[in-house]
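Enquirer: Let me give you the structure first, and then I'll get to my questions.
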Amino acid sequence: LAAIRSLPAVCIVWQTAMIILFGVFIRYNEEADTHWVEHRHTKNISSDIENDFYYRYPSFQDVHVMIFVGFGFLMTFLKRYSFGAVGFNFLIAAFGLQWALLMQGWFHSLDYTDGKIKIGVENMINADFCVAGCLIAYGAVLGKVSAVQLLVMTLFGVTLFAVEEYIILNVIHARDAGGSMVIHTFGAYYGLSISWMLYRPNLDQSDRLHGSVYHSDVFAMIGTLFLWMFWPSFNSAITDHGDGQHRAAINTYLALAATVLTTVAISSLFQKHGKLDMVHIQNATLAGGVAVGTAAEFMLMPYGALIVGFCCGIISTLGYVYLSPFMEKYLKIQDTCGIHNLHAMPGVIGGIVGAITAASATESVYGVEGLINTFDFKEDFKDMVPSRQGGHQAAGLCVALCFAVGGGIAVGCILRLPIWGDPADDNCFDDETYWEVPDEEEDVPPILHYNNHMRNKDV
Amino acid sequence: LAAIRSLPAVCIVWQTAMIILFGVFIRYNEEADTHWVEHRHTKNISSDIENDFYYRYPSFQDVHVMIFVGFGFLMTFLKRYSFGAVGFNFLIAAFGLQWALLMQGWFHSLDYTDGKIKIGVENMINADFCVAGCLIAYGAVLGKVSAVQLLVMTLFGVTLFAVEEYIILNVIHARDAGGSMVIHTFGAYYGLSISWMLYRPNLDQSDRLHGSVYHSDVFAMIGTLFLWMFWPSFNSAITDHGDGQHRAAINTYLALAATVLTTVAISSLFQKHGKLDMVHIQNATLAGGVAVGTAAEFMLMPYGALIVGFCCGIISTLGYVYLSPFMEKYLKIQDTCGIHNLHAMPGVIGGIVGAITAASATESVYGVEGLINTFDFKEDFKDMVPSRQGGHQAAGLCVALCFAVGGGIAVGCILRLPIWGDPADDNCFDDETYWEVPDEEEDVPPILHYNNHMRNKDV
Amino acid sequence: LAAIRSLPAVCIVWQTAMIILFGVFIRYNEEADTHWVEHRHTKNISSDIENDFYYRYPSFQDVHVMIFVGFGFLMTFLKRYSFGAVGFNFLIAAFGLQWALLMQGWFHSLDYTDGKIKIGVENMINADFCVAGCLIAYGAVLGKVSAVQLLVMTLFGVTLFAVEEYIILNVIHARDAGGSMVIHTFGAYYGLSISWMLYRPNLDQSDRLHGSVYHSDVFAMIGTLFLWMFWPSFNSAITDHGDGQHRAAINTYLALAATVLTTVAISSLFQKHGKLDMVHIQNATLAGGVAVGTAAEFMLMPYGALIVGFCCGIISTLGYVYLSPFMEKYLKIQDTCGIHNLHAMPGVIGGIVGAITAASATESVYGVEGLINTFDFKEDFKDMVPSRQGGHQAAGLCVALCFAVGGGIAVGCILRLPIWGDPADDNCFDDETYWEVPDEEEDVPPILHYNNHMRNKDV
């Protein structure tokens with residue numbers, strides 16, 4: 001039994017399983033295979049521009065930075081849980097992306113001629129997206145679970161994600177460029193449901209560690225800023241080439257800018273003496289990027305993006321002020337990073353904004369071809385109309401919520417089993433439990449300096 | 001009256017104004033509009049490559065990182081003003097970029113057929129550039145003004161910027177790829193003039209906070225390095241596609257490398273015991289990027305770029321050693337970050353280098369077509385010759401200086417009004433004034449560890 | 001004699017030499033020259049796409065971040081050597097890249113018609129690569145040498161690098177996309193040989209500074225993550241356009257992910273109480289990127305990449321646990337950052353994996369044209385076969401090792417001369433020796449706050 005909760009055993013066994021599954025299933029796609037050069041000649045493609053690496057890869061790198069530095073550092077704000085924040089984030093993201101390549105591959109990239117999944121740069125972006133959902137969930141349970149629990153959460157989270165993503169995008173045909181529904185709503189409610197299942201009535205025994213220090217707040221700003229800056233890349237990364245990517249980037253850029261101002265306003269308004277609270281600046285400033293995710297590729301219009309960002313900055317900050325304490329006290333949901341305010345509410349808003357924007361799309365605004373192109377009214381869906389698309393968008397949101405809450409409760413049940421080595425109530429938010437932490441000798445004993453720091457000073 | 005200096009009121013009202021103005025004026029440009037697909041068909045463009053997102057967007061992201069992480073973290077060096085540095089930088093940049101889209105849009109991107117400003121990725125880069133000017137100005141007054149004052153500074157700064165930019169680039173037809181004149185000279189003298197107007201004779205009452213601690217200096221190096229690394233993208237971001245971008249990146253890369261060596265040399269030479277001063281390494285190493293801004297797209301030649309960097313490293317470091325104390329004592333200019341050394345002097349040098357390089361351009365070096373292409377000797381300016389272009393470059397520098405000093409003094413007058421809630425002389429450089437600062441409990445009270453950190457250890 | 005070890009003198013003289021050499025030798029290449037527009041017209045190239053900046057530049061920027069932030073911050077883990085880590089890294093990289101442009105230029109980019117080196121973006125990437133070798137070497141001697149010694153190390157290191165690179169890639173015709181042999185094996189053994197020559201029997205006198213503190217470990221994670229995230233760009237940066245770049249990125253992405261899991265497993269397995277050690281997470285997680293460097297562009301297959309990463313995470317972590325103490329005690333090699341575990345062993349493994357993968361390449365897997373294209377079996381090497389190519393790869397690895405050890409011992413002899421101002425044994429790992437370090441006044445004396453932080457509060 002000890003082996004199940006043993007971190008080394010889980011890592012080695014799961015990684016070995018990945019190798020076997022990759023060996024059986026995963027191959028390079030056409031663009032990444034050495035046969036490309038032959039395809040090129042047979043297809044009479046004169047230059048390599050058609051297969052150029054740089055038509056997606058810059059977006060991949062921006063998203064990659066968000067996953068590892070963005071999410072990782074955003075969670076370093078606790079005074080003694082920075083190792084766990086950035087380190088466990090690193091671990092579960094590295095595992096999750098492998099599992100996501102498989103799960104998403106079976107649904108989206110399976111080549112039926114040979115039964116292999118063919119991967120390329122776009123799959124790497126999608127795997128990173130999938131992992132983002134699980135890292136959001138991590139935010140709710142930060143400091144309260146063991147690394148093995150996180151890996152289990154990620155295993156099931158990625159699995160659920162791939163299924164709900166397939167249903168929402170392919171079956172229901174909802175559009176969700178930046179994943180307001182698929183990533184943020186799902187990830188946040190998945191994590192909150194797990195946190196609810198793992199409720200600790202005596203968590204106040206760790207109160208001494210449940211806060212930030214000056215420098216840990218600055219570290220967290222590194223995460224905030226890299227998320228904030230690269231969010232336009234996140235929302236545009238897998239959008240169609242052409243006008244969609246431009247629009248997604250512009251909308252996201254604007255929504256995020258508006259969010260910063262209203263976050264500052266509300267933070268100052270509700271604090272004593274009008275001071276600002278770093279928690280709000282670190283988190284609520286990002287809500288606009290979440291909320292504009294679905295509609296980023298639509299004709300939301302620049303002022304529309306600003307309005308979305310405006311509202312979300314207010315709602316998210318008010319969430320930190322009022323809702324988080326309420327949820328902890330009355331709903332028994334302990335949400336370490338406040339993901340309900342940063343991802344859940346803005347994600348749902350994003351889904352609703354997407355549904356409304358889609359439903360109100362007209363040929364006069366989009367153009368005939370533009371409408372078809374933007375909403376992909378082709379093949380099986382060539383008879384769709386905007387109003388019905390709006391309904392499909394709303395249905396997508398519901399699916400994300402159901403998978404998140406249902407899956408979260410189920411996984412929470414599993415994680416409540418007393419076998420995972422989670423920290424005791426008075427050891428939460430403490431890196432000591434899982435990490436070798438250096439002694440914090442503030443006073444490095446000064447040796448006597450006779451002004452001869454360097455050898456052979458007087459040569 | 002209290003409302004005028006109330007941060008929440010200013011943020012909400014100004015953001016609302018932005019939404020209204022964006023609603024009236026701002027639309028997507030052709031590349032970002034859904035009608036693109038129809039344009040493509042009518043224009044017989046076979047693939048989306050012509051409208052590819054990645055022909056500017058990677059530069060945008062690099063510049064974006066410079067604005068938020070670069071400038072933000074560069075100013076975190078003060079021991080207790082890191083929240084203000086990175087947080088207020090975030091706030092004013094987020095506001096400034098919206099206002100810049102409008103101001104620059106009216107001058108450069110107004111579509112006269114429908115009276116709308118059509119924005120795309122290039123406008124986002126230019127808005128970030130415009131904001132950079134205001135963030136430079138922030139460096140001079142860091143720790144001495146309130147957030148509302150910063151927003152006022154930014155409002156007027158962006159306005160002045162858009163006008164001087166229009167005059168310099170369009171009316172005078174000076175070239176300024178990396179903004180030595182338009183951004184750095186303007187931003188720095190604008191900030192210095194404001195700082196002069198806001199002179200505090202008793203600032204020494206805050207001396208205990210007017211310095212760095214070990215870790216705050218390391219945080220500042222994050223800012224330094226992201227500025228340094230991405231500066232080639234900054235100087236090449238809006239240069240013409242083709243050879244110009246290559247040249248701008250190469251020149252900037254080289255100039256910055258040379259600056260590092262001379263900065264280290266001078267820093268070591270003028271310190272006791274030959275030690276290095278972190279202030280110099282954090283700041284003066286960037287001077288080469290500023291100074292090569294105007295001439296980066298010209299045929300400055302690799303060795304020319306090295307010479308510019310060489311000189312600026314020396315001048316900038318000497319500025320920190322001698323000029324900053326002099327300016328504070330005799331000219332009553334208190335310059336918290338030393339922007340005079342990092343932006344003002346190198347910016348002026350950059351303008352002069354640009355004028356000389358332009359004036360000495362010859363057809364033998366540039367080629368006939370190359371000369372026309374590089375200096376844009378077309379349409380109204382098809383009769384220009386290099387020597388006259390040099391004169392126009394010099395005129396551009398003068399315009400930047402006039403706008404900066406004139407505008408700075410005017411805005412400084414406004415900011416002297418006793419209504420803005422600026423900190424008292426003994427509260428400067430102190431995050432306590434505007435932020436909820438966590439208690440710095442060095443000694444987390446250790447609870448007794450019976451070696452049972454984890455629950456269910458012995459399952 | 002004092003001048004030789006004087007940092008200012010060395011910086012100024014060497015930088016001046018660079019200017020002269022650049023003046024004599026270095027010019028823009030065709031893509032960066034203003035004559036491009038004429039070439040374009042004569043060659044009938046209709047658009048600038050053929051010369052587009054963004055076909056390499058995004059990779060350059062990612063590599064650039066790895067060099068300055070990645071390597072720089074990875075070494076900040078020591079409690080009182082963060083200035084030296086990030087500052088000296090900055091200095092030697094800035095010098096090294098200039099010298100590398102010259103050295104590599106003479107071998108690879110010399111235009112025999114006019115005797116000039118023609119540089120462009122690809123040269124900048126290669127210069128950064130070359131510098132990487134020297135920064136790896138810095139890891140072995142971190143905290144034990146002076147800045148002048150580092151500059152000397154870099155001068156000779158770049159020179160040796162350029163020669164061995166030319167021999168391995170051009171003479172022997174080995175392939176080494178990500179530089180497992182050329183960069184990592186060379187850099188690591190070069191540094192280790194120097195460290196061996198500079199062995200300090202009494203280094204334990206600096207033991208009080210030879211460790212991390214909590215925040216310095218978090219800073220180091222910034223370096224780790226930026227290296228980890230951008231490694232796919234590193235390994236694909238100079239690969240041929242087309243399928244090679246895609247494959248290199250995918251393989252590296254996967255190898256690195258696998259490494260994280262096995263590193264965590266082994267770290268936990270070999271620590272008391274199953275805790276994780278930050279040193280392992282910071283370093284061994286990167287071993288997969290090193291080891292997949294050579295074979296990244298080959299048909300290593302996704303599962304092959306995972307296997308390489310799997311093994312290297314284990315080997316590298318075990319190296320930190322067992323080999324580093326052994327090497328210090330018995331082989332007299334003091335390796336501050338453990339580069340033997342992060343770069344040397346994985347580099348050699350990478351060379352071997354490359355040789356095996358090349359030797360076992362078949363036309364059925366690669367395709368006829370694919371084989372020629374991937375291994376560049378053209379011109380002088382058009383009769384090569386995979387098995388022989390495998391031998392050439394192995395020969396390349398030997399050349400890298402010989403240059404590294406031979407060169408390192410020679411340079412180590414020079415650096416043992418008692419003229420360089422290296423720190424005394426009890427002053428190693430101490431920024432005080434070379435930097436003005438701010439007083440660490442933990443307790444900022446609080447002034448009395450009468451709740452009137454702001455001036456004109458009651459207006």
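Chain lettering (A, B, ...) mirrors the order of the structure tokens, residue numbering begins at 1 for each chain separately, and ligand numbering begins at 1 in order of display.
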Specify as a ChimeraX atom specification all residues of chain A found within 7 Å of chain C, counting only C-alpha atoms.
Expert: /A:7-8,11-12,15,19,22-23,26-27,31-38,48,51-54,58,64-65,68-69,83,91,94-95,120-121,434-440,453-457,459
Enquirer: Would you please give, as a PyMOL selection string, all residues of segment 76-283 of chain C that DSSP assigns to helix (DSSP H, G or I) based on the backbone?
Expert: chain C and resi 76-77+82-108+121-141+147-171+180-197+203-209+214-236+243-270+272-274+278-283
Enquirer: Using Å and a single decimal, report how far atom CA of Thr42 of chain B sits from atom CA of Lys378 of chain B.
Expert: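 Straight-line distance from atom CA of Lys378 of chain B to atom CA of Thr42 of chain B works out to 29.0 Å.
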Enquirer: Please provide the set of residues having any atom within 10 Å of segment 172-179 of chain C, restricted to only C-alpha atoms, with same-chain residues fewer than 4 positions apart removed, written as a ChimeraX atom specification.
Expert: /C:129-130,132-133,165-168,183-186,231-240,244-245,248,252,289-298,347,350-351,354-355,358,374-377,380-381,389-397,399
Enquirer: If you count only C-alpha atoms, which residues fall within 12 Å of Leu110 of chain A, apart from same-chain ones fewer than 5 positions away, as a PDB file with N, CA, C and O atoms, in the first residue's frame?
Expert:
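The result, stored in result-v1.pdb:
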ATOM      1  N   PHE A  25       1.622   4.276 -29.693  1.00  0.00           N
ATOM      2  CA  PHE A  25       0.656   5.158 -30.354  1.00  0.00           C
ATOM      3  C   PHE A  25       1.212   6.399 -31.056  1.00  0.00           C
ATOM      4  O   PHE A  25       0.597   6.883 -31.995  1.00  0.00           O
ATOM      5  N   ILE A  26       2.298   6.950 -30.587  1.00  0.00           N
ATOM      6  CA  ILE A  26       2.617   8.313 -31.033  1.00  0.00           C
ATOM      7  C   ILE A  26       3.738   8.344 -32.074  1.00  0.00           C
ATOM      8  O   ILE A  26       4.792   7.730 -31.902  1.00  0.00           O
ATOM      9  N   ARG A  27       3.455   9.046 -33.144  1.00  0.00           N
ATOM     10  CA  ARG A  27       4.432   9.260 -34.220  1.00  0.00           C
ATOM     11  C   ARG A  27       4.418  10.738 -34.600  1.00  0.00           C
ATOM     12  O   ARG A  27       3.538  11.493 -34.200  1.00  0.00           O
ATOM     13  N   TYR A  28       5.433  11.159 -35.389  1.00  0.00           N
ATOM     14  CA  TYR A  28       5.463  12.538 -35.893  1.00  0.00           C
ATOM     15  C   TYR A  28       4.378  12.731 -36.940  1.00  0.00           C
ATOM     16  O   TYR A  28       4.099  11.817 -37.711  1.00  0.00           O
ATOM     17  N   ASN A  29       3.818  13.937 -37.012  1.00  0.00           N
ATOM     18  CA  ASN A  29       2.889  14.191 -38.108  1.00  0.00           C
ATOM     19  C   ASN A  29       3.669  14.520 -39.388  1.00  0.00           C
ATOM     20  O   ASN A  29       4.908  14.574 -39.390  1.00  0.00           O
ATOM     21  N   LEU A 101      -1.096  14.602 -24.502  1.00  0.00           N
ATOM     22  CA  LEU A 101      -0.810  14.265 -25.905  1.00  0.00           C
ATOM     23  C   LEU A 101      -1.507  12.974 -26.305  1.00  0.00           C
ATOM     24  O   LEU A 101      -2.033  12.854 -27.416  1.00  0.00           O
ATOM     25  N   LEU A 102      -1.540  12.032 -25.383  1.00  0.00           N
ATOM     26  CA  LEU A 102      -2.216  10.766 -25.668  1.00  0.00           C
ATOM     27  C   LEU A 102      -3.734  10.937 -25.692  1.00  0.00           C
ATOM     28  O   LEU A 102      -4.403  10.566 -26.656  1.00  0.00           O
ATOM     29  N   MET A 103      -4.273  11.489 -24.610  1.00  0.00           N
ATOM     30  CA  MET A 103      -5.733  11.599 -24.498  1.00  0.00           C
ATOM     31  C   MET A 103      -6.312  12.451 -25.631  1.00  0.00           C
ATOM     32  O   MET A 103      -7.277  12.077 -26.292  1.00  0.00           O
ATOM     33  N   GLN A 104      -5.722  13.645 -25.835  1.00  0.00           N
ATOM     34  CA  GLN A 104      -6.226  14.501 -26.913  1.00  0.00           C
ATOM     35  C   GLN A 104      -5.955  13.873 -28.267  1.00  0.00           C
ATOM     36  O   GLN A 104      -6.736  14.030 -29.204  1.00  0.00           O
ATOM     37  N   GLY A 105      -4.831  13.169 -28.359  1.00  0.00           N
ATOM     38  CA  GLY A 105      -4.496  12.521 -29.617  1.00  0.00           C
ATOM     39  C   GLY A 105      -5.537  11.495 -30.032  1.00  0.00           C
ATOM     40  O   GLY A 105      -5.950  11.442 -31.201  1.00  0.00           O
ATOM     41  N   GLY A 115      -3.667   3.651 -37.079  1.00  0.00           N
ATOM     42  CA  GLY A 115      -3.944   3.617 -35.645  1.00  0.00           C
ATOM     43  C   GLY A 115      -2.966   4.399 -34.790  1.00  0.00           C
ATOM     44  O   GLY A 115      -2.879   4.205 -33.584  1.00  0.00           O
ATOM     45  N   LYS A 116      -2.197   5.284 -35.422  1.00  0.00           N
ATOM     46  CA  LYS A 116      -1.225   6.067 -34.672  1.00  0.00           C
ATOM     47  C   LYS A 116      -1.729   7.498 -34.486  1.00  0.00           C
ATOM     48  O   LYS A 116      -2.450   8.034 -35.334  1.00  0.00           O
ATOM     49  N   ILE A 117      -1.279   8.117 -33.419  1.00  0.00           N
ATOM     50  CA  ILE A 117      -1.524   9.541 -33.194  1.00  0.00           C
ATOM     51  C   ILE A 117      -0.358  10.294 -33.824  1.00  0.00           C
ATOM     52  O   ILE A 117       0.796  10.003 -33.516  1.00  0.00           O
ATOM     53  N   LYS A 118      -0.657  11.240 -34.675  1.00  0.00           N
ATOM     54  CA  LYS A 118       0.407  11.992 -35.350  1.00  0.00           C
ATOM     55  C   LYS A 118       0.506  13.383 -34.713  1.00  0.00           C
ATOM     56  O   LYS A 118      -0.434  14.182 -34.817  1.00  0.00           O
ATOM     57  N   ILE A 119       1.627  13.666 -34.074  1.00  0.00           N
ATOM     58  CA  ILE A 119       1.733  14.931 -33.338  1.00  0.00           C
ATOM     59  C   ILE A 119       2.638  15.950 -34.014  1.00  0.00           C
ATOM     60  O   ILE A 119       3.557  15.621 -34.757  1.00  0.00           O
ATOM     61  N   ASN A 123      -0.292  20.117 -31.477  1.00  0.00           N
ATOM     62  CA  ASN A 123      -0.594  19.202 -30.372  1.00  0.00           C
ATOM     63  C   ASN A 123       0.101  19.624 -29.090  1.00  0.00           C
ATOM     64  O   ASN A 123      -0.436  19.443 -27.993  1.00  0.00           O
TER      65      ASN A 123
END
Enquirer: Calculated over only C-alpha atoms, which of the candidates A:Gln149, A:Ser387, A:Asn341, A:Gln334 has the smallest distance to Ala287 of chain A?
Expert: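 Selected residue with least distance to Ala287 of chain A: A:Asn341.
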Enquirer: Restricting the calculation to only C-alpha atoms, which member of A:Cys134, A:Met124, A:Leu192, A:Ala140 is positioned closest to Asn89 of chain A?
Expert: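 Smallest distance to Asn89 of chain A is found for A:Cys134.
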